[in-house]
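**Q** Dropping in structure.pdb, with PDB, C-alpha atoms.
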ATOM      1  CA  MET A   3       0.000   0.000   0.000  1.00  0.00           C
ATOM      2  CA  ARG A   4       2.830   2.373   0.785  1.00  0.00           C
ATOM      3  CA  ALA A   5       4.712   1.668  -2.443  1.00  0.00           C
ATOM      4  CA  ARG A   6       4.056   4.346  -5.025  1.00  0.00           C
ATOM      5  CA  PHE A   7       4.521   3.975  -8.741  1.00  0.00           C
ATOM      6  CA  GLU A   8       3.102   5.740 -11.747  1.00  0.00           C
ATOM      7  CA  SER A   9       0.749   3.894 -14.031  1.00  0.00           C
ATOM      8  CA  PRO A  10       0.014   5.514 -17.391  1.00  0.00           C
ATOM      9  CA  ILE A  11      -2.902   3.125 -17.984  1.00  0.00           C
ATOM     10  CA  VAL A  12      -4.731   4.285 -14.846  1.00  0.00           C
ATOM     11  CA  LEU A  13      -4.160   7.946 -15.726  1.00  0.00           C
ATOM     12  CA  LEU A  14      -5.315   7.435 -19.316  1.00  0.00           C
ATOM     13  CA  GLY A  15      -8.438   5.544 -18.214  1.00  0.00           C
ATOM     14  CA  SER A  16      -9.318   8.240 -15.705  1.00  0.00           C
ATOM     15  CA  ARG A  17      -8.800  10.970 -18.269  1.00  0.00           C
ATOM     16  CA  LEU A  18     -11.046   9.076 -20.672  1.00  0.00           C
ATOM     17  CA  LEU A  19     -13.787   8.488 -18.094  1.00  0.00           C
ATOM     18  CA  SER A  20     -13.823  11.800 -16.243  1.00  0.00           C
ATOM     19  CA  PRO A  21     -15.459  14.115 -18.850  1.00  0.00           C
ATOM     20  CA  TYR A  22     -18.349  11.708 -19.372  1.00  0.00           C
ATOM     21  CA  ILE A  23     -19.032  11.507 -15.620  1.00  0.00           C
ATOM     22  CA  MET A  24     -18.962  15.308 -15.507  1.00  0.00           C
ATOM     23  CA  LEU A  25     -21.365  15.581 -18.450  1.00  0.00           C
ATOM     24  CA  PHE A  26     -23.754  13.130 -16.793  1.00  0.00           C
ATOM     25  CA  GLY A  27     -23.568  15.146 -13.569  1.00  0.00           C
ATOM     26  CA  ILE A  28     -24.535  18.337 -15.405  1.00  0.00           C
ATOM     27  CA  TYR A  29     -27.404  16.430 -17.073  1.00  0.00           C
ATOM     28  CA  VAL A  30     -28.640  15.214 -13.678  1.00  0.00           C
ATOM     29  CA  ILE A  31     -28.520  18.742 -12.230  1.00  0.00           C
ATOM     30  CA  PHE A  32     -30.370  20.357 -15.128  1.00  0.00           C
ATOM     31  CA  HIS A  33     -33.055  17.663 -15.293  1.00  0.00           C
ATOM     32  CA  GLY A  34     -33.387  17.310 -11.533  1.00  0.00           C
ATOM     33  CA  HIS A  35     -36.775  18.971 -11.192  1.00  0.00           C
ATOM     34  CA  TYR A  36     -38.763  16.575 -13.339  1.00  0.00           C
ATOM     35  CA  SER A  37     -36.756  13.339 -13.327  1.00  0.00           C
ATOM     36  CA  PRO A  38     -34.814  11.344 -10.699  1.00  0.00           C
ATOM     37  CA  GLY A  39     -31.749  13.096  -9.437  1.00  0.00           C
ATOM     38  CA  GLY A  40     -31.207  16.671  -8.457  1.00  0.00           C
ATOM     39  CA  GLY A  41     -28.624  19.032  -7.133  1.00  0.00           C
ATOM     40  CA  PHE A  42     -27.078  16.725  -4.545  1.00  0.00           C
ATOM     41  CA  GLN A  43     -26.677  13.736  -6.850  1.00  0.00           C
ATOM     42  CA  GLY A  44     -25.373  15.817  -9.746  1.00  0.00           C
ATOM     43  CA  GLY A  45     -22.940  17.658  -7.501  1.00  0.00           C
ATOM     44  CA  ALA A  46     -21.672  14.339  -6.132  1.00  0.00           C
ATOM     45  CA  LEU A  47     -21.137  13.115  -9.707  1.00  0.00           C
ATOM     46  CA  LEU A  48     -19.192  16.291 -10.581  1.00  0.00           C
ATOM     47  CA  ALA A  49     -17.114  15.832  -7.418  1.00  0.00           C
ATOM     48  CA  ALA A  50     -16.482  12.179  -8.342  1.00  0.00           C
ATOM     49  CA  SER A  51     -15.125  13.182 -11.752  1.00  0.00           C
ATOM     50  CA  ILE A  52     -12.791  15.774 -10.203  1.00  0.00           C
ATOM     51  CA  ILE A  53     -11.657  13.408  -7.417  1.00  0.00           C
ATOM     52  CA  LEU A  54     -10.936  10.704 -10.034  1.00  0.00           C
ATOM     53  CA  ILE A  55      -8.423  12.970 -11.756  1.00  0.00           C
ATOM     54  CA  ARG A  56      -6.946  14.006  -8.388  1.00  0.00           C
ATOM     55  CA  LEU A  57      -6.587  10.392  -7.260  1.00  0.00           C
ATOM     56  CA  SER A  58      -4.945   9.130 -10.430  1.00  0.00           C
ATOM     57  CA  GLY A  59      -2.942  12.149 -11.533  1.00  0.00           C
ATOM     58  CA  GLY A  60      -1.581  13.619  -8.351  1.00  0.00           C
ATOM     59  CA  ARG A  61      -1.387  17.230  -7.320  1.00  0.00           C
ATOM     60  CA  ILE A  62       0.504  18.709 -10.266  1.00  0.00           C
ATOM     61  CA  ILE A  63      -1.980  17.500 -12.885  1.00  0.00           C
ATOM     62  CA  SER A  64      -5.069  18.168 -10.801  1.00  0.00           C
ATOM     63  CA  ARG A  65      -3.903  21.696 -10.054  1.00  0.00           C
ATOM     64  CA  LEU A  66      -4.469  22.449 -13.749  1.00  0.00           C
ATOM     65  CA  GLN A  67      -8.151  21.547 -13.397  1.00  0.00           C
ATOM     66  CA  VAL A  68      -9.436  22.970 -10.103  1.00  0.00           C
ATOM     67  CA  GLN A  69      -7.118  24.897  -7.806  1.00  0.00           C
ATOM     68  CA  GLU A  70      -6.998  23.919  -4.149  1.00  0.00           C
ATOM     69  CA  PHE A  71      -7.764  27.409  -2.822  1.00  0.00           C
ATOM     70  CA  PHE A  72     -10.741  27.654  -5.181  1.00  0.00           C
ATOM     71  CA  THR A  73     -13.010  25.142  -3.430  1.00  0.00           C
ATOM     72  CA  THR A  74     -13.946  27.159  -0.331  1.00  0.00           C
ATOM     73  CA  PRO A  75     -15.167  30.280  -2.221  1.00  0.00           C
ATOM     74  CA  LEU A  76     -17.041  28.006  -4.640  1.00  0.00           C
ATOM     75  CA  ALA A  77     -18.888  26.327  -1.754  1.00  0.00           C
ATOM     76  CA  ALA A  78     -19.753  29.748  -0.339  1.00  0.00           C
ATOM     77  CA  ILE A  79     -21.041  30.864  -3.758  1.00  0.00           C
ATOM     78  CA  GLY A  80     -23.286  27.802  -3.933  1.00  0.00           C
ATOM     79  CA  VAL A  81     -24.805  28.457  -0.520  1.00  0.00           C
ATOM     80  CA  ILE A  82     -25.261  32.149  -1.391  1.00  0.00           C
ATOM     81  CA  VAL A  83     -27.105  31.197  -4.615  1.00  0.00           C
ATOM     82  CA  PHE A  84     -29.357  28.852  -2.598  1.00  0.00           C
ATOM     83  CA  PHE A  85     -30.263  31.318   0.125  1.00  0.00           C
ATOM     84  CA  GLY A  86     -30.198  34.364  -2.155  1.00  0.00           C
ATOM     85  CA  THR A  87     -33.003  32.930  -4.256  1.00  0.00           C
ATOM     86  CA  GLY A  88     -35.114  32.422  -1.160  1.00  0.00           C
ATOM     87  CA  ILE A  89     -34.335  35.881   0.228  1.00  0.00           C
ATOM     88  CA  VAL A  90     -35.105  37.551  -3.119  1.00  0.00           C
ATOM     89  CA  ALA A  91     -38.464  35.809  -3.214  1.00  0.00           C
ATOM     90  CA  MET A  92     -39.105  37.089   0.325  1.00  0.00           C
ATOM     91  CA  LEU A  93     -38.070  40.660  -0.583  1.00  0.00           C
ATOM     92  CA  PHE A  94     -40.527  40.729  -3.487  1.00  0.00           C
ATOM     93  CA  GLY A  95     -43.479  40.177  -1.229  1.00  0.00           C
ATOM     94  CA  SER A  96     -43.924  36.456  -0.656  1.00  0.00           C
ATOM     95  CA  TYR A  97     -42.680  33.710   1.652  1.00  0.00           C
ATOM     96  CA  PHE A  98     -39.122  32.350   1.845  1.00  0.00           C
ATOM     97  CA  MET A  99     -38.468  30.265  -1.276  1.00  0.00           C
ATOM     98  CA  ASP A 100     -41.912  30.846  -2.717  1.00  0.00           C
ATOM     99  CA  TYR A 101     -40.703  31.020  -6.274  1.00  0.00           C
ATOM    100  CA  HIS A 102     -43.694  32.618  -7.966  1.00  0.00           C
ATOM    101  CA  ALA A 103     -42.609  36.048  -6.689  1.00  0.00           C
ATOM    102  CA  LEU A 104     -39.170  35.895  -8.289  1.00  0.00           C
ATOM    103  CA  PRO A 105     -38.448  38.873 -10.589  1.00  0.00           C
ATOM    104  CA  PHE A 106     -37.506  37.012 -13.760  1.00  0.00           C
ATOM    105  CA  PRO A 107     -37.683  39.196 -16.909  1.00  0.00           C
ATOM    106  CA  GLY A 108     -40.570  38.677 -19.274  1.00  0.00           C
ATOM    107  CA  GLU A 109     -44.141  37.569 -18.739  1.00  0.00           C
ATOM    108  CA  MET A 110     -44.336  34.141 -17.135  1.00  0.00           C
ATOM    109  CA  THR A 111     -47.017  32.178 -15.433  1.00  0.00           C
ATOM    110  CA  PRO A 112     -46.409  31.182 -11.770  1.00  0.00           C
ATOM    111  CA  ALA A 113     -45.840  27.570 -12.887  1.00  0.00           C
ATOM    112  CA  GLU A 114     -42.990  28.607 -15.184  1.00  0.00           C
ATOM    113  CA  LEU A 115     -41.557  30.855 -12.464  1.00  0.00           C
ATOM    114  CA  ARG A 116     -41.506  27.920 -10.034  1.00  0.00           C
ATOM    115  CA  TYR A 117     -39.862  25.765 -12.747  1.00  0.00           C
ATOM    116  CA  TYR A 118     -36.962  28.185 -13.233  1.00  0.00           C
ATOM    117  CA  GLY A 119     -36.716  28.991  -9.505  1.00  0.00           C
ATOM    118  CA  ILE A 120     -36.204  25.318  -8.647  1.00  0.00           C
ATOM    119  CA  LEU A 121     -33.597  25.131 -11.453  1.00  0.00           C
ATOM    120  CA  VAL A 122     -31.597  27.979  -9.855  1.00  0.00           C
ATOM    121  CA  ILE A 123     -31.831  26.269  -6.463  1.00  0.00           C
ATOM    122  CA  GLU A 124     -30.564  22.986  -7.950  1.00  0.00           C
ATOM    123  CA  ILE A 125     -27.584  24.746  -9.554  1.00  0.00           C
ATOM    124  CA  GLY A 126     -26.662  26.300  -6.195  1.00  0.00           C
ATOM    125  CA  ILE A 127     -26.884  22.950  -4.391  1.00  0.00           C
ATOM    126  CA  GLY A 128     -24.797  21.265  -7.090  1.00  0.00           C
ATOM    127  CA  ILE A 129     -21.990  23.839  -6.877  1.00  0.00           C
ATOM    128  CA  ALA A 130     -21.924  23.659  -3.058  1.00  0.00           C
ATOM    129  CA  VAL A 131     -21.876  19.836  -2.887  1.00  0.00           C
ATOM    130  CA  MET A 132     -19.171  19.540  -5.550  1.00  0.00           C
ATOM    131  CA  ALA A 133     -16.908  22.088  -3.866  1.00  0.00           C
ATOM    132  CA  ILE A 134     -17.359  20.626  -0.370  1.00  0.00           C
ATOM    133  CA  LEU A 135     -16.628  17.027  -1.427  1.00  0.00           C
ATOM    134  CA  VAL A 136     -13.479  18.122  -3.288  1.00  0.00           C
ATOM    135  CA  MET A 137     -12.511  20.206  -0.234  1.00  0.00           C
ATOM    136  CA  ILE A 138     -12.841  17.171   2.050  1.00  0.00           C
ATOM    137  CA  TYR A 139     -10.572  15.207  -0.296  1.00  0.00           C
ATOM    138  CA  ASP A 140      -7.979  18.006  -0.401  1.00  0.00           C
ATOM    139  CA  HIS A 141      -7.886  18.282   3.372  1.00  0.00           C
ATOM    140  CA  MET A 142      -7.601  14.503   3.800  1.00  0.00           C
ATOM    141  CA  VAL A 143      -4.596  14.139   1.495  1.00  0.00           C
ATOM    142  CA  ARG A 144      -2.828  17.309   2.609  1.00  0.00           C
ATOM    143  CA  GLY A 145       0.900  16.649   3.021  1.00  0.00           C
ATOM    144  CA  GLU A 146       0.667  13.103   1.668  1.00  0.00           C
ATOM    145  CA  ASP A 147       0.655  13.476  -2.092  1.00  0.00           C
ATOM    146  CA  TYR A 148       3.865  14.570  -3.735  1.00  0.00           C
ATOM    147  CA  ALA A 149       3.299  13.219  -7.210  1.00  0.00           C
TER     148      ALA A 149
ATOM    149  CA  MET B 154     -38.910  -6.883  -9.510  1.00  0.00           C
ATOM    150  CA  LEU B 155     -39.423 -10.595  -9.018  1.00  0.00           C
ATOM    151  CA  TRP B 156     -39.456 -11.588  -5.382  1.00  0.00           C
ATOM    152  CA  GLU B 157     -36.916 -14.364  -6.007  1.00  0.00           C
ATOM    153  CA  VAL B 158     -34.395 -11.827  -7.286  1.00  0.00           C
ATOM    154  CA  GLU B 159     -35.026  -9.587  -4.274  1.00  0.00           C
ATOM    155  CA  LEU B 160     -34.565 -12.539  -1.915  1.00  0.00           C
ATOM    156  CA  ILE B 161     -31.254 -13.436  -3.573  1.00  0.00           C
ATOM    157  CA  LEU B 162     -30.131  -9.804  -3.300  1.00  0.00           C
ATOM    158  CA  PHE B 163     -31.059  -9.671   0.415  1.00  0.00           C
ATOM    159  CA  LEU B 164     -29.128 -12.884   1.137  1.00  0.00           C
ATOM    160  CA  PHE B 165     -26.178 -11.534  -0.844  1.00  0.00           C
ATOM    161  CA  LEU B 166     -26.387  -8.330   1.255  1.00  0.00           C
ATOM    162  CA  ILE B 167     -26.144 -10.254   4.541  1.00  0.00           C
ATOM    163  CA  LEU B 168     -23.258 -12.316   3.162  1.00  0.00           C
ATOM    164  CA  LEU B 169     -21.394  -9.187   2.107  1.00  0.00           C
ATOM    165  CA  ALA B 170     -21.911  -7.528   5.509  1.00  0.00           C
ATOM    166  CA  VAL B 171     -20.516 -10.567   7.352  1.00  0.00           C
ATOM    167  CA  LEU B 172     -17.558 -10.778   4.948  1.00  0.00           C
ATOM    168  CA  ALA B 173     -16.758  -7.077   5.429  1.00  0.00           C
ATOM    169  CA  LEU B 174     -16.828  -7.499   9.209  1.00  0.00           C
ATOM    170  CA  GLU B 175     -14.629 -10.586   9.190  1.00  0.00           C
ATOM    171  CA  ALA B 176     -11.975  -9.439   6.710  1.00  0.00           C
ATOM    172  CA  ASN B 177      -8.446  -9.081   8.064  1.00  0.00           C
ATOM    173  CA  ASP B 178      -7.212  -6.924   5.205  1.00  0.00           C
ATOM    174  CA  LEU B 179      -9.037  -3.602   5.517  1.00  0.00           C
ATOM    175  CA  LEU B 180      -8.689  -2.815   1.814  1.00  0.00           C
ATOM    176  CA  VAL B 181     -10.706  -5.958   1.105  1.00  0.00           C
ATOM    177  CA  ALA B 182     -13.319  -4.719   3.600  1.00  0.00           C
ATOM    178  CA  VAL B 183     -13.556  -1.367   1.793  1.00  0.00           C
ATOM    179  CA  VAL B 184     -14.074  -3.055  -1.575  1.00  0.00           C
ATOM    180  CA  ILE B 185     -16.737  -5.350  -0.091  1.00  0.00           C
ATOM    181  CA  LEU B 186     -18.499  -2.312   1.412  1.00  0.00           C
ATOM    182  CA  THR B 187     -18.527  -0.727  -2.042  1.00  0.00           C
ATOM    183  CA  ILE B 188     -20.226  -3.828  -3.459  1.00  0.00           C
ATOM    184  CA  PHE B 189     -22.634  -3.699  -0.482  1.00  0.00           C
ATOM    185  CA  SER B 190     -23.555  -0.107  -1.390  1.00  0.00           C
ATOM    186  CA  PHE B 191     -24.194  -1.054  -4.997  1.00  0.00           C
ATOM    187  CA  THR B 192     -26.392  -4.004  -4.015  1.00  0.00           C
ATOM    188  CA  ILE B 193     -28.450  -1.908  -1.634  1.00  0.00           C
ATOM    189  CA  ALA B 194     -28.792   0.729  -4.387  1.00  0.00           C
ATOM    190  CA  LEU B 195     -30.279  -1.999  -6.609  1.00  0.00           C
ATOM    191  CA  LEU B 196     -32.695  -2.914  -3.806  1.00  0.00           C
ATOM    192  CA  PHE B 197     -33.739   0.720  -3.267  1.00  0.00           C
ATOM    193  CA  THR B 198     -34.395   1.030  -6.989  1.00  0.00           C
ATOM    194  CA  ALA B 199     -36.464  -2.158  -6.954  1.00  0.00           C
ATOM    195  CA  MET B 200     -38.537  -0.791  -4.066  1.00  0.00           C
ATOM    196  CA  GLY B 201     -39.374   2.326  -6.073  1.00  0.00           C
ATOM    197  CA  GLY B 202     -37.064   4.867  -4.465  1.00  0.00           C
ATOM    198  CA  ILE B 203     -35.085   5.822  -7.540  1.00  0.00           C
ATOM    199  CA  ASP B 204     -33.732   9.011  -5.971  1.00  0.00           C
ATOM    200  CA  VAL B 205     -32.503   7.146  -2.903  1.00  0.00           C
ATOM    201  CA  GLY B 206     -30.932   4.426  -5.031  1.00  0.00           C
ATOM    202  CA  PHE B 207     -29.196   6.991  -7.193  1.00  0.00           C
ATOM    203  CA  THR B 208     -27.800   8.798  -4.163  1.00  0.00           C
ATOM    204  CA  GLU B 209     -26.629   5.523  -2.634  1.00  0.00           C
ATOM    205  CA  ALA B 210     -24.894   4.488  -5.861  1.00  0.00           C
ATOM    206  CA  VAL B 211     -23.110   7.824  -6.245  1.00  0.00           C
ATOM    207  CA  ILE B 212     -22.151   8.464  -2.613  1.00  0.00           C
ATOM    208  CA  GLY B 213     -21.801   4.957  -1.189  1.00  0.00           C
ATOM    209  CA  ALA B 214     -20.135   3.275  -4.134  1.00  0.00           C
ATOM    210  CA  GLY B 215     -18.168   6.250  -5.423  1.00  0.00           C
ATOM    211  CA  VAL B 216     -17.049   8.926  -3.027  1.00  0.00           C
ATOM    212  CA  THR B 217     -17.119   7.053   0.294  1.00  0.00           C
ATOM    213  CA  GLY B 218     -14.882   4.284  -1.070  1.00  0.00           C
ATOM    214  CA  ILE B 219     -12.257   6.851  -2.055  1.00  0.00           C
ATOM    215  CA  PHE B 220     -12.432   8.474   1.398  1.00  0.00           C
ATOM    216  CA  PHE B 221     -12.068   5.089   3.132  1.00  0.00           C
ATOM    217  CA  ILE B 222      -9.039   4.277   0.980  1.00  0.00           C
ATOM    218  CA  ILE B 223      -7.420   7.614   1.901  1.00  0.00           C
ATOM    219  CA  ALA B 224      -8.089   6.923   5.585  1.00  0.00           C
ATOM    220  CA  LEU B 225      -6.409   3.507   5.193  1.00  0.00           C
ATOM    221  CA  PHE B 226      -3.519   5.138   3.356  1.00  0.00           C
ATOM    222  CA  LYS B 227      -2.911   7.476   6.299  1.00  0.00           C
ATOM    223  CA  THR B 228      -3.194   4.740   8.970  1.00  0.00           C
ATOM    224  CA  SER B 229      -2.449   1.010   8.867  1.00  0.00           C
ATOM    225  CA  ILE B 230      -4.001  -1.552   6.591  1.00  0.00           C
ATOM    226  CA  ARG B 231      -4.054  -4.553   8.964  1.00  0.00           C
ATOM    227  CA  THR B 232      -6.443  -5.014  11.849  1.00  0.00           C
ATOM    228  CA  LYS B 233      -5.094  -5.756  15.319  1.00  0.00           C
ATOM    229  CA  ASP B 234      -7.611  -8.443  16.273  1.00  0.00           C
TER     230      ASP B 234
END
In structure tokens, how does this file's structure come out?
**A**
Amino acid sequence: MRARFESPIVLLGSRLLSPYIMLFGIYVIFHGHYSPGGGFQGGALLAASIILIRLSGGRIISRLQVQEFFTTPLAAIGVIVFFGTGIVAMLFGSYFMDYHALPFPGEMTPAELRYYGILVIEIGIGIAVMAILVMIYDHMVRGEDYA
Amino acid sequence: MLWEVELILFLFLILLAVLALEANDLLVAVVILTIFSFTIALLFTAMGGIDVGFTEAVIGAGVTGIFFIIALFKTSIRTKD
């Protein structure tokens, strides 16, 4: 377990597999409000694709994809998107996270407003979950990986 | 799903749990727990909870296995007992 060696086959397989996992995660996030899945599952899939590259490539390769200092602000942005949507709905004269009061441009029925409001919420959850899972991985391997 | 298939999956689940508890090599236990998560995701899907099964397959079989392997990498791989 302690012996380290580089394997080009593992790195090549991970690089082949990772974009498709990421694409499926984005599909799950954007179809989460009328099919199985949602923000949490899609964010976990995005995190799995990023962690796969980090696990197989080491720190130097994975630093090209997502920087280590970038995960904490990204998680904060996700939570701000989640709560900001609810607060905006409350400021425009309705309850917290009652999406039919959201000020989207154009004329929309309340059903369409709820549709797009839930989509914004799902995007916020997906960003937060992805950033936090990658952050947990980075903190667990801190000082151990010198690839 | 057919009830025979569900019964086989439940028995396989119990077998996997006992094997993961009794394994001396902890890496083997982590891999068996990953298979356990995938089997229980199949059972959740058969019971109609597609969201729960999806979450179990992504988290239990994907991310948690990686975190367990990192925890083993930072400690020791053999059990004391």
**Q** List the residues selected by the PyMOL selection byres ((chain B and resi 213-219) around 9) in the file shown, writing them as number ranges by chain.
**A** A: 46-47, 49-50, 53-54, 57, 135, 139; B: 183-184, 186-191, 194, 208-212, 220-224
**Q** If the PyMOL selection byres ((chain A) within 6 of (chain B)) is run on the structure shown, which residues does it catch, given as JSON, numbers by chain?
**A** {"A": [38, 39, 43]}
**Q** What is the CA of Ile193 in chain B-CA of Phe163 in chain B distance in Å, reported with one decimal?
**A** 8.4 Å
**Q** Would you be able to write out as a PyMOL selection string which residues have an atom within 12 Å of (-37.0, 34.9, -0.8) in the file's coordinates, counting only C-alpha atoms?
**A** chain A and resi 83-105+119+123
**Q** For a quick check of understanding, using only C-alpha atoms, which of A:Val122, A:Ala113, A:Val81, A:Val136 has the smallest distance to Ser51 in chain A?
**A**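 Among A:Val122, A:Ala113, A:Val81, A:Val136, it is A:Val136 that comes nearest to Ser51 in chain A.
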**Q** Select, from A:Arg116, A:Val131, A:His35, A:Glu124, the residue with the minimum atom-to-atom distance to Ala78 in chain A, counting only C-alpha atoms.
**A**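 Looking only at the distances to Ala78 in chain A, the closest residue turns out to be A:Val131.
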**Q** Counting only C-alpha atoms, which of A:Phe7, A:Tyr22, A:Tyr29, A:Phe106 gets nearest to Gly41 in chain A?
**A**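 Nearest to Gly41 in chain A: A:Tyr29.
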**Q** Taking the file as shown, what set of residues would the PyMOL selection byres ((chain A and resi 31) around 6) give back, as a ChimeraX atom specification?
**A** /A:28-30,32-34,40-41,44
**Q** Generate the output file for the selected residues, C-alpha atoms, as a PDB file, keeping the file's coordinate frame.
**A**
ATOM      1  CA  ILE A  28     -24.535  18.337 -15.405  1.00  0.00           C
ATOM      2  CA  TYR A  29     -27.404  16.430 -17.073  1.00  0.00           C
ATOM      3  CA  VAL A  30     -28.640  15.214 -13.678  1.00  0.00           C
ATOM      4  CA  PHE A  32     -30.370  20.357 -15.128  1.00  0.00           C
ATOM      5  CA  HIS A  33     -33.055  17.663 -15.293  1.00  0.00           C
ATOM      6  CA  GLY A  34     -33.387  17.310 -11.533  1.00  0.00           C
ATOM      7  CA  GLY A  40     -31.207  16.671  -8.457  1.00  0.00           C
ATOM      8  CA  GLY A  41     -28.624  19.032  -7.133  1.00  0.00           C
ATOM      9  CA  GLY A  44     -25.373  15.817  -9.746  1.00  0.00           C
TER      10      GLY A  44
END
**Q** Starting from 3 Å padding per side, set up an axis-aligned box that covers all listed atoms of range 8-26 of chain A and hand over centre and edge lengths in Å, one decimal, as lines of an AutoDock Vina configuration file.
**A**
center_x = -10.3
center_y = 9.4
center_z = -16.2
size_x = 32.9
size_y = 18.5
size_z = 14.9
**Q** Enter the distance from CA of Phe72 in chain A to CA of Gly59 in chain A, in Å, rounded to one decimal.
**A**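 If I compute the distance from CA of Phe72 in chain A to CA of Gly59 in chain A, I get 18.5 Å.
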**Q** At what distance in Å, to one decimal, does CA of Ile138 in chain A lie from CA of Ala176 in chain B?
**A** 27.0 Å
**Q** Select, from B:Leu162, B:Leu168, B:Glu157, B:Thr232, the residue with the minimum atom-to-atom distance to Thr192 in chain B, counting all atoms listed in the file.
**A**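 Nearest candidate to Thr192 in chain B out of B:Leu162, B:Leu168, B:Glu157, B:Thr232: B:Leu162.
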**Q** Name the closest residue to Ile120 in chain A among the candidates A:Leu13, A:Pro75, A:Ile63, A:Tyr36; distances are taken between atoms, counting all atoms listed in the file.
**A**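 Result for the nearest residue to Ile120 in chain A: A:Tyr36.
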